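Structure file coords_14.txt with compact mmCIF, N, CA and C atoms:
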# COMPACT_ATOMS: atom_id res chain seq x y z
N MET A 86 -85.13 -19.47 6.94
CA MET A 86 -85.65 -19.16 8.24
C MET A 86 -87.18 -19.20 8.14
N ALA A 87 -87.80 -19.97 9.02
CA ALA A 87 -89.27 -20.09 9.01
C ALA A 87 -89.86 -19.09 9.97
N THR A 88 -90.95 -18.50 9.55
CA THR A 88 -91.64 -17.57 10.44
C THR A 88 -92.94 -18.21 10.90
N PHE A 89 -93.23 -18.01 12.17
CA PHE A 89 -94.44 -18.57 12.74
C PHE A 89 -95.43 -17.44 12.96
N THR A 90 -96.67 -17.73 12.61
CA THR A 90 -97.72 -16.73 12.82
C THR A 90 -98.69 -17.26 13.86
N SER A 91 -99.25 -16.35 14.60
CA SER A 91 -100.21 -16.77 15.61
C SER A 91 -101.56 -17.02 14.96
N ASN A 92 -102.47 -17.59 15.73
CA ASN A 92 -103.82 -17.85 15.26
C ASN A 92 -104.51 -16.56 14.86
N ARG A 93 -104.28 -15.49 15.61
CA ARG A 93 -104.93 -14.22 15.36
C ARG A 93 -104.47 -13.66 14.01
N GLN A 94 -103.21 -13.88 13.65
CA GLN A 94 -102.72 -13.38 12.38
C GLN A 94 -103.27 -14.20 11.22
N ARG A 95 -103.40 -15.51 11.41
CA ARG A 95 -103.93 -16.35 10.36
C ARG A 95 -105.43 -16.17 10.19
N ASN A 96 -106.12 -15.88 11.29
CA ASN A 96 -107.56 -15.76 11.27
C ASN A 96 -107.94 -14.41 11.86
N PRO A 97 -107.96 -13.35 11.06
CA PRO A 97 -108.17 -12.02 11.59
C PRO A 97 -109.54 -11.81 12.21
N GLY A 98 -110.52 -12.65 11.93
CA GLY A 98 -111.85 -12.51 12.51
C GLY A 98 -111.88 -12.84 13.99
N GLY A 99 -110.87 -13.53 14.50
CA GLY A 99 -110.80 -13.88 15.91
C GLY A 99 -111.42 -15.22 16.23
N PHE A 100 -112.11 -15.87 15.27
CA PHE A 100 -112.71 -17.16 15.53
C PHE A 100 -111.67 -18.25 15.34
N ARG A 101 -111.85 -19.31 16.08
CA ARG A 101 -110.91 -20.42 15.96
C ARG A 101 -111.15 -21.15 14.65
N SER A 102 -110.08 -21.42 13.97
CA SER A 102 -110.21 -22.15 12.71
C SER A 102 -110.08 -23.65 12.93
N GLU A 103 -109.69 -24.06 14.13
CA GLU A 103 -109.51 -25.48 14.40
C GLU A 103 -110.88 -26.14 14.56
N THR A 104 -111.07 -27.23 13.90
CA THR A 104 -112.31 -27.99 13.98
C THR A 104 -111.92 -29.43 14.28
N PRO A 105 -112.90 -30.26 14.63
CA PRO A 105 -112.56 -31.66 14.86
C PRO A 105 -111.93 -32.32 13.65
N GLU A 106 -112.25 -31.84 12.46
CA GLU A 106 -111.65 -32.43 11.27
C GLU A 106 -110.15 -32.13 11.23
N THR A 107 -109.74 -31.00 11.81
CA THR A 107 -108.33 -30.65 11.79
C THR A 107 -107.51 -31.55 12.70
N TYR A 108 -108.03 -31.79 13.91
CA TYR A 108 -107.27 -32.56 14.89
C TYR A 108 -107.77 -33.98 15.06
N GLY A 109 -108.76 -34.38 14.36
CA GLY A 109 -109.32 -35.71 14.52
C GLY A 109 -110.75 -35.58 15.05
N SER A 110 -111.44 -36.66 15.13
CA SER A 110 -112.83 -36.59 15.56
C SER A 110 -112.93 -36.74 17.07
N TYR A 111 -114.08 -36.37 17.60
CA TYR A 111 -114.33 -36.52 19.03
C TYR A 111 -114.52 -37.99 19.36
N PRO A 112 -114.29 -38.36 20.61
CA PRO A 112 -114.53 -39.75 21.00
C PRO A 112 -116.02 -40.09 20.82
N PRO A 113 -116.33 -41.31 20.49
CA PRO A 113 -117.72 -41.67 20.20
C PRO A 113 -118.66 -41.50 21.39
N SER A 114 -118.18 -41.70 22.62
CA SER A 114 -119.07 -41.60 23.78
C SER A 114 -119.16 -40.19 24.31
N GLY A 115 -118.31 -39.31 23.86
CA GLY A 115 -118.32 -37.95 24.36
C GLY A 115 -117.39 -37.75 25.53
N PHE A 116 -116.86 -38.81 26.10
CA PHE A 116 -115.94 -38.73 27.21
C PHE A 116 -114.58 -39.21 26.76
N ALA A 117 -113.55 -38.46 27.10
CA ALA A 117 -112.20 -38.81 26.65
C ALA A 117 -111.76 -40.12 27.29
N GLY A 118 -111.15 -40.95 26.52
CA GLY A 118 -110.56 -42.18 27.03
C GLY A 118 -111.53 -43.34 27.15
N GLU A 119 -112.77 -43.18 26.75
CA GLU A 119 -113.71 -44.28 26.82
C GLU A 119 -113.88 -44.89 25.43
N GLU A 120 -113.75 -46.20 25.38
CA GLU A 120 -113.92 -46.87 24.10
C GLU A 120 -115.34 -47.41 24.02
N GLU A 121 -115.68 -47.90 22.85
CA GLU A 121 -116.98 -48.53 22.67
C GLU A 121 -117.04 -49.80 23.50
N ASP A 122 -118.02 -49.88 24.39
CA ASP A 122 -118.22 -51.07 25.21
C ASP A 122 -119.64 -51.56 25.01
N ASP A 123 -119.94 -52.64 25.69
CA ASP A 123 -121.30 -53.14 25.59
C ASP A 123 -122.25 -52.23 26.39
N PRO A 124 -123.51 -52.24 26.09
CA PRO A 124 -124.48 -51.33 26.73
C PRO A 124 -124.56 -51.50 28.25
N ASN A 125 -124.30 -52.71 28.76
CA ASN A 125 -124.39 -52.93 30.21
C ASN A 125 -123.32 -52.14 30.95
N SER A 126 -122.11 -52.08 30.41
CA SER A 126 -121.05 -51.33 31.09
C SER A 126 -121.32 -49.83 31.00
N LYS A 127 -121.91 -49.41 29.86
CA LYS A 127 -122.28 -47.99 29.76
C LYS A 127 -123.35 -47.65 30.78
N ASP A 128 -124.32 -48.55 30.94
CA ASP A 128 -125.36 -48.32 31.94
C ASP A 128 -124.77 -48.26 33.34
N ALA A 129 -123.82 -49.14 33.62
CA ALA A 129 -123.19 -49.17 34.94
C ALA A 129 -122.42 -47.87 35.19
N ARG A 130 -121.69 -47.39 34.18
CA ARG A 130 -120.96 -46.13 34.33
C ARG A 130 -121.92 -44.96 34.53
N LEU A 131 -123.00 -44.97 33.76
CA LEU A 131 -123.99 -43.90 33.89
C LEU A 131 -124.65 -43.92 35.26
N LYS A 132 -124.97 -45.10 35.76
CA LYS A 132 -125.57 -45.21 37.09
C LYS A 132 -124.60 -44.76 38.17
N SER A 133 -123.31 -45.09 38.01
CA SER A 133 -122.34 -44.65 39.01
C SER A 133 -122.18 -43.13 39.00
N ARG A 134 -122.20 -42.54 37.82
CA ARG A 134 -122.11 -41.08 37.73
C ARG A 134 -123.35 -40.42 38.31
N ILE A 135 -124.51 -41.01 38.05
CA ILE A 135 -125.75 -40.46 38.60
C ILE A 135 -125.73 -40.54 40.12
N SER A 136 -125.29 -41.67 40.65
CA SER A 136 -125.24 -41.79 42.11
C SER A 136 -124.22 -40.82 42.71
N MET A 137 -123.10 -40.59 42.01
CA MET A 137 -122.11 -39.62 42.49
C MET A 137 -122.71 -38.22 42.49
N LEU A 138 -123.42 -37.86 41.42
CA LEU A 138 -124.07 -36.54 41.37
C LEU A 138 -125.14 -36.40 42.44
N LYS A 139 -125.85 -37.49 42.73
CA LYS A 139 -126.86 -37.46 43.78
C LYS A 139 -126.21 -37.22 45.13
N GLU A 140 -125.10 -37.88 45.41
CA GLU A 140 -124.38 -37.67 46.67
C GLU A 140 -123.88 -36.24 46.79
N VAL A 141 -123.36 -35.71 45.69
CA VAL A 141 -122.86 -34.33 45.70
C VAL A 141 -124.01 -33.36 45.96
N SER A 142 -125.15 -33.58 45.29
CA SER A 142 -126.28 -32.66 45.49
C SER A 142 -126.82 -32.76 46.91
N ILE A 143 -126.84 -33.95 47.50
CA ILE A 143 -127.27 -34.10 48.89
C ILE A 143 -126.32 -33.38 49.83
N SER A 144 -125.02 -33.51 49.60
CA SER A 144 -124.06 -32.82 50.47
C SER A 144 -124.15 -31.31 50.30
N ILE A 145 -124.42 -30.84 49.08
CA ILE A 145 -124.61 -29.40 48.87
C ILE A 145 -125.85 -28.93 49.64
N GLY A 146 -126.93 -29.69 49.58
CA GLY A 146 -128.14 -29.34 50.32
C GLY A 146 -127.90 -29.28 51.82
N ASP A 147 -127.15 -30.27 52.35
CA ASP A 147 -126.81 -30.26 53.78
C ASP A 147 -126.00 -29.02 54.14
N GLU A 148 -125.04 -28.69 53.31
CA GLU A 148 -124.20 -27.51 53.57
C GLU A 148 -125.03 -26.23 53.55
N ILE A 149 -125.96 -26.15 52.60
CA ILE A 149 -126.82 -24.97 52.52
C ILE A 149 -127.68 -24.85 53.78
N ARG A 150 -128.24 -25.96 54.24
CA ARG A 150 -129.04 -25.93 55.48
C ARG A 150 -128.20 -25.49 56.67
N ASP A 151 -126.97 -26.02 56.77
CA ASP A 151 -126.09 -25.63 57.88
C ASP A 151 -125.75 -24.15 57.81
N GLN A 152 -125.46 -23.65 56.61
CA GLN A 152 -125.10 -22.24 56.47
C GLN A 152 -126.31 -21.34 56.78
N ASN A 153 -127.51 -21.74 56.36
CA ASN A 153 -128.70 -20.95 56.68
C ASN A 153 -128.96 -20.91 58.18
N GLN A 154 -128.75 -22.04 58.85
CA GLN A 154 -128.91 -22.07 60.31
C GLN A 154 -127.88 -21.16 60.97
N PHE A 155 -126.66 -21.21 60.49
CA PHE A 155 -125.60 -20.35 61.04
C PHE A 155 -125.94 -18.88 60.82
N LEU A 156 -126.43 -18.53 59.62
CA LEU A 156 -126.80 -17.14 59.34
C LEU A 156 -127.97 -16.69 60.21
N GLY A 157 -128.92 -17.59 60.47
CA GLY A 157 -130.04 -17.25 61.35
C GLY A 157 -129.56 -16.95 62.76
N THR A 158 -128.65 -17.79 63.26
CA THR A 158 -128.08 -17.57 64.59
C THR A 158 -127.29 -16.27 64.63
N MET A 159 -126.54 -16.01 63.59
CA MET A 159 -125.76 -14.79 63.54
C MET A 159 -126.67 -13.56 63.48
N GLY A 160 -127.78 -13.65 62.78
CA GLY A 160 -128.74 -12.56 62.73
C GLY A 160 -129.35 -12.29 64.10
N GLN A 161 -129.67 -13.35 64.84
CA GLN A 161 -130.20 -13.18 66.19
C GLN A 161 -129.17 -12.53 67.10
N ASP A 162 -127.92 -12.93 66.97
CA ASP A 162 -126.86 -12.33 67.78
C ASP A 162 -126.70 -10.84 67.45
N MET A 163 -126.79 -10.49 66.18
CA MET A 163 -126.68 -9.09 65.79
C MET A 163 -127.85 -8.27 66.35
N GLU A 164 -129.05 -8.85 66.34
CA GLU A 164 -130.19 -8.15 66.90
C GLU A 164 -130.01 -7.90 68.39
N SER A 165 -129.52 -8.92 69.11
CA SER A 165 -129.32 -8.73 70.56
C SER A 165 -128.23 -7.70 70.83
N MET A 166 -127.17 -7.70 70.01
CA MET A 166 -126.13 -6.69 70.20
C MET A 166 -126.67 -5.29 69.88
N GLY A 167 -127.53 -5.17 68.87
CA GLY A 167 -128.15 -3.90 68.56
C GLY A 167 -129.01 -3.41 69.71
N ASP A 168 -129.76 -4.34 70.33
CA ASP A 168 -130.58 -3.97 71.48
C ASP A 168 -129.71 -3.48 72.64
N ARG A 169 -128.63 -4.21 72.90
CA ARG A 169 -127.72 -3.80 73.99
C ARG A 169 -127.10 -2.44 73.70
N LEU A 170 -126.66 -2.23 72.47
CA LEU A 170 -126.06 -0.95 72.11
C LEU A 170 -127.07 0.18 72.22
N GLY A 171 -128.31 -0.07 71.80
CA GLY A 171 -129.36 0.93 71.92
C GLY A 171 -129.63 1.29 73.37
N ALA A 172 -129.66 0.28 74.25
CA ALA A 172 -129.87 0.54 75.68
C ALA A 172 -128.72 1.35 76.26
N THR A 173 -127.49 1.04 75.85
CA THR A 173 -126.33 1.78 76.34
C THR A 173 -126.39 3.24 75.89
N ILE A 174 -126.78 3.46 74.66
CA ILE A 174 -126.87 4.84 74.15
C ILE A 174 -127.96 5.60 74.90
N LYS A 175 -129.08 4.94 75.20
CA LYS A 175 -130.13 5.60 75.97
C LYS A 175 -129.63 5.99 77.36
N ARG A 176 -128.91 5.07 78.00
CA ARG A 176 -128.36 5.39 79.33
C ARG A 176 -127.37 6.54 79.25
N PHE A 177 -126.54 6.55 78.22
CA PHE A 177 -125.58 7.64 78.05
C PHE A 177 -126.31 8.97 77.82
N HIS A 178 -127.38 8.92 77.05
CA HIS A 178 -128.16 10.14 76.80
C HIS A 178 -128.79 10.66 78.10
N LYS A 179 -129.34 9.75 78.91
CA LYS A 179 -129.93 10.17 80.19
C LYS A 179 -128.87 10.81 81.07
N MET A 180 -127.67 10.21 81.12
CA MET A 180 -126.59 10.76 81.93
C MET A 180 -126.21 12.14 81.40
N TRP A 181 -126.17 12.28 80.10
CA TRP A 181 -125.80 13.56 79.49
C TRP A 181 -126.80 14.65 79.85
N VAL A 182 -128.09 14.30 79.79
CA VAL A 182 -129.12 15.28 80.10
C VAL A 182 -129.05 15.69 81.57
N ARG A 183 -128.80 14.74 82.49
CA ARG A 183 -128.74 15.06 83.92
C ARG A 183 -127.54 15.93 84.27
N GLN A 184 -126.40 15.67 83.66
CA GLN A 184 -125.18 16.37 84.07
C GLN A 184 -124.90 17.62 83.25
N GLY A 185 -125.63 17.87 82.21
CA GLY A 185 -125.40 19.06 81.42
C GLY A 185 -124.18 18.91 80.53
N CYS A 186 -123.58 20.04 80.14
CA CYS A 186 -122.47 19.99 79.20
C CYS A 186 -121.12 20.07 79.90
N GLY A 187 -121.08 20.04 81.23
CA GLY A 187 -119.81 20.10 81.97
C GLY A 187 -118.84 18.99 81.60
N PRO A 188 -119.26 17.71 81.67
CA PRO A 188 -118.33 16.62 81.32
C PRO A 188 -117.82 16.72 79.88
N PHE A 189 -118.68 17.12 78.95
CA PHE A 189 -118.26 17.26 77.56
C PHE A 189 -117.19 18.35 77.42
N PHE A 190 -117.37 19.44 78.13
CA PHE A 190 -116.39 20.53 78.10
C PHE A 190 -115.03 20.05 78.62
N TYR A 191 -115.04 19.33 79.74
CA TYR A 191 -113.78 18.83 80.31
C TYR A 191 -113.13 17.78 79.40
N LEU A 192 -113.93 16.94 78.78
CA LEU A 192 -113.39 15.93 77.85
C LEU A 192 -112.76 16.60 76.65
N THR A 193 -113.39 17.63 76.11
CA THR A 193 -112.84 18.36 74.98
C THR A 193 -111.55 19.07 75.36
N LEU A 194 -111.54 19.69 76.54
CA LEU A 194 -110.34 20.37 77.02
C LEU A 194 -109.19 19.38 77.20
N PHE A 195 -109.48 18.19 77.73
CA PHE A 195 -108.45 17.16 77.90
C PHE A 195 -107.90 16.72 76.54
N ALA A 196 -108.77 16.49 75.55
CA ALA A 196 -108.33 16.06 74.23
C ALA A 196 -107.45 17.12 73.58
N ILE A 197 -107.83 18.40 73.72
CA ILE A 197 -107.00 19.47 73.15
C ILE A 197 -105.65 19.51 73.85
N GLY A 198 -105.63 19.32 75.17
CA GLY A 198 -104.38 19.30 75.91
C GLY A 198 -103.46 18.17 75.45
N VAL A 199 -104.02 17.00 75.22
CA VAL A 199 -103.21 15.86 74.77
C VAL A 199 -102.63 16.15 73.39
N VAL A 200 -103.41 16.73 72.51
CA VAL A 200 -102.92 17.04 71.15
C VAL A 200 -101.80 18.07 71.22
N VAL A 201 -101.96 19.12 72.05
CA VAL A 201 -100.93 20.14 72.18
C VAL A 201 -99.66 19.54 72.77
N PHE A 202 -99.81 18.69 73.78
CA PHE A 202 -98.66 18.04 74.40
C PHE A 202 -97.90 17.19 73.37
N LEU A 203 -98.63 16.39 72.60
CA LEU A 203 -97.98 15.54 71.59
C LEU A 203 -97.29 16.39 70.52
N TYR A 204 -97.90 17.49 70.13
CA TYR A 204 -97.30 18.37 69.13
C TYR A 204 -95.98 18.95 69.64
N ILE A 205 -96.01 19.45 70.87
CA ILE A 205 -94.77 20.03 71.45
C ILE A 205 -93.73 18.95 71.64
N TYR A 206 -94.12 17.79 72.12
CA TYR A 206 -93.18 16.69 72.37
C TYR A 206 -92.53 16.23 71.06
N LEU A 207 -93.31 16.11 70.01
CA LEU A 207 -92.75 15.66 68.72
C LEU A 207 -91.92 16.76 68.06
N LYS A 208 -92.24 18.02 68.31
CA LYS A 208 -91.49 19.12 67.75
C LYS A 208 -90.12 19.23 68.41
N MET A 209 -90.01 18.96 69.71
CA MET A 209 -88.77 19.06 70.46
C MET A 209 -87.81 17.90 70.16
N ARG A 210 -88.30 16.82 69.68
CA ARG A 210 -87.47 15.63 69.41
C ARG A 210 -86.49 15.85 68.38
Hey, can you dump this file as structure tokens for me?
Amino acid sequence: MATFTSNRQRNPGGFRSETPETYGSYPPSGFAGEEEDDPNSKDARLKSRISMLKEVSISIGDEIRDQNQFLGTMGQDMESMGDRLGATIKRFHKMWVRQGCGPFFYLTLFAIGVVVFLYIYLKMR
């Protein structure tokens, strides 16, 4: 019966013992599946990869500009909503000062009545 040990058991330090010599050497170009070709084809592949990276970086830049514009618009909307909310609170405060504490007393009494009603209703069920 053969016993199998894990990498951690064989190498207690935790470092990988596998090296390119163990599994073979790396490809000569550094990219998997590419064989040695003439320099012109390597240049063409390199130019195509560079152009692809350039397109990706341009599209990333466009996306960043669009997102910054969207965030700017959203910030302006938040400011206007803050202004509206502030104006509403000021109006509510003016109303509160003019009418005194009567409406607050009635609102509190109504809320207590609703809570008592719900308590009795749920208790009777």
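Coordinates place atom N of A:Ser144 at a distance of 17.7 Å from atom C of A:Leu131.
Atom pair atom CA of A:Ala196 / atom CA of A:Arg176 has a distance of 23.3 Å (rounded to one decimal).
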- Any chance you could list, as a PyMOL selection string, the residues in stretch 108-199 of chain A that come up helix (DSSP H, G or I) when DSSP is run on the backbone? chain A and resi 108+124-184+187-199
Export stretch 191-203 of chain A, all heavy atoms, as a CSV table (one decimal), in the first residue's frame; it's the structure right above.
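Result saved to out_37.csv:
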chain,number,residue,atom,x,y,z
A,191,TYR,N,-50.7,66.7,21.0
A,191,TYR,CA,-51.7,65.9,20.3
A,191,TYR,C,-51.1,64.7,19.5
A,191,TYR,O,-51.7,63.6,19.5
A,191,TYR,CB,-52.6,66.7,19.4
A,191,TYR,CG,-53.5,67.7,20.2
A,191,TYR,CD1,-53.5,69.1,19.9
A,191,TYR,CD2,-54.3,67.2,21.3
A,191,TYR,CE1,-54.2,69.9,20.7
A,191,TYR,CE2,-55.1,68.1,22.0
A,191,TYR,CZ,-55.0,69.5,21.7
A,191,TYR,OH,-55.8,70.3,22.4
A,192,LEU,N,-50.0,65.0,18.9
A,192,LEU,CA,-49.3,63.9,18.1
A,192,LEU,C,-48.8,62.8,19.0
A,192,LEU,O,-49.0,61.6,18.7
A,192,LEU,CB,-48.2,64.5,17.3
A,192,LEU,CG,-47.4,63.6,16.4
A,192,LEU,CD1,-48.3,63.0,15.3
A,192,LEU,CD2,-46.2,64.2,15.8
A,193,THR,N,-48.3,63.2,20.2
A,193,THR,CA,-47.8,62.2,21.1
A,193,THR,C,-48.9,61.4,21.7
A,193,THR,O,-48.8,60.2,21.9
A,193,THR,CB,-47.0,63.0,22.3
A,193,THR,OG1,-46.0,63.7,21.7
A,193,THR,CG2,-46.4,62.0,23.2
A,194,LEU,N,-50.0,62.1,22.0
A,194,LEU,CA,-51.2,61.4,22.6
A,194,LEU,C,-51.7,60.4,21.6
A,194,LEU,O,-52.1,59.3,21.9
A,194,LEU,CB,-52.2,62.5,23.0
A,194,LEU,CG,-53.4,62.0,23.8
A,194,LEU,CD1,-53.0,61.4,25.1
A,194,LEU,CD2,-54.4,63.1,24.0
A,195,PHE,N,-51.8,60.8,20.3
A,195,PHE,CA,-52.3,59.9,19.2
A,195,PHE,C,-51.4,58.7,19.1
A,195,PHE,O,-51.8,57.6,19.0
A,195,PHE,CB,-52.3,60.7,17.9
A,195,PHE,CG,-52.7,59.8,16.7
A,195,PHE,CD1,-54.0,59.4,16.6
A,195,PHE,CD2,-51.8,59.4,15.8
A,195,PHE,CE1,-54.4,58.6,15.5
A,195,PHE,CE2,-52.1,58.6,14.7
A,195,PHE,CZ,-53.4,58.2,14.6
A,196,ALA,N,-50.0,58.9,19.1
A,196,ALA,CA,-49.1,57.8,19.0
A,196,ALA,C,-49.3,56.8,20.2
A,196,ALA,O,-49.3,55.6,20.0
A,196,ALA,CB,-47.7,58.3,18.9
A,197,ILE,N,-49.4,57.4,21.4
A,197,ILE,CA,-49.6,56.5,22.6
A,197,ILE,C,-50.9,55.7,22.4
A,197,ILE,O,-51.0,54.5,22.7
A,197,ILE,CB,-49.6,57.3,23.9
A,197,ILE,CG1,-48.2,57.8,24.1
A,197,ILE,CG2,-50.1,56.5,25.1
A,197,ILE,CD1,-48.0,58.8,25.3
A,198,GLY,N,-52.0,56.4,21.9
A,198,GLY,CA,-53.3,55.7,21.7
A,198,GLY,C,-53.1,54.6,20.7
A,198,GLY,O,-53.7,53.5,20.9
A,199,VAL,N,-52.4,54.8,19.7
A,199,VAL,CA,-52.2,53.7,18.7
A,199,VAL,C,-51.5,52.5,19.3
A,199,VAL,O,-51.8,51.4,19.0
A,199,VAL,CB,-51.5,54.3,17.4
A,199,VAL,CG1,-51.1,53.2,16.5
A,199,VAL,CG2,-52.4,55.2,16.7
A,200,VAL,N,-50.5,52.8,20.0
A,200,VAL,CA,-49.7,51.7,20.6
A,200,VAL,C,-50.5,50.9,21.6
A,200,VAL,O,-50.5,49.7,21.6
A,200,VAL,CB,-48.4,52.3,21.3
A,200,VAL,CG1,-47.7,51.2,22.2
A,200,VAL,CG2,-47.4,52.8,20.3
A,201,VAL,N,-51.3,51.6,22.4
A,201,VAL,CA,-52.2,50.9,23.4
A,201,VAL,C,-53.2,50.1,22.7
A,201,VAL,O,-53.5,48.9,23.0
A,201,VAL,CB,-52.9,52.0,24.4
A,201,VAL,CG1,-54.0,51.3,25.2
A,201,VAL,CG2,-51.8,52.6,25.3
A,202,PHE,N,-53.8,50.7,21.6
A,202,PHE,CA,-54.8,49.9,20.8
A,202,PHE,C,-54.2,48.7,20.2
A,202,PHE,O,-54.8,47.6,20.3
A,202,PHE,CB,-55.4,50.8,19.7
A,202,PHE,CG,-56.3,50.1,18.8
A,202,PHE,CD1,-57.6,49.7,19.1
A,202,PHE,CD2,-55.8,49.7,17.5
A,202,PHE,CE1,-58.4,49.0,18.3
A,202,PHE,CE2,-56.6,49.0,16.6
A,202,PHE,CZ,-57.9,48.7,17.0
A,203,LEU,N,-53.0,48.8,19.6
A,203,LEU,CA,-52.4,47.6,19.0
A,203,LEU,C,-52.0,46.5,20.1
A,203,LEU,O,-52.2,45.3,19.9
A,203,LEU,CB,-51.1,48.0,18.3
A,203,LEU,CG,-51.3,48.7,17.0
A,203,LEU,CD1,-50.0,49.2,16.4
A,203,LEU,CD2,-52.1,47.8,16.0
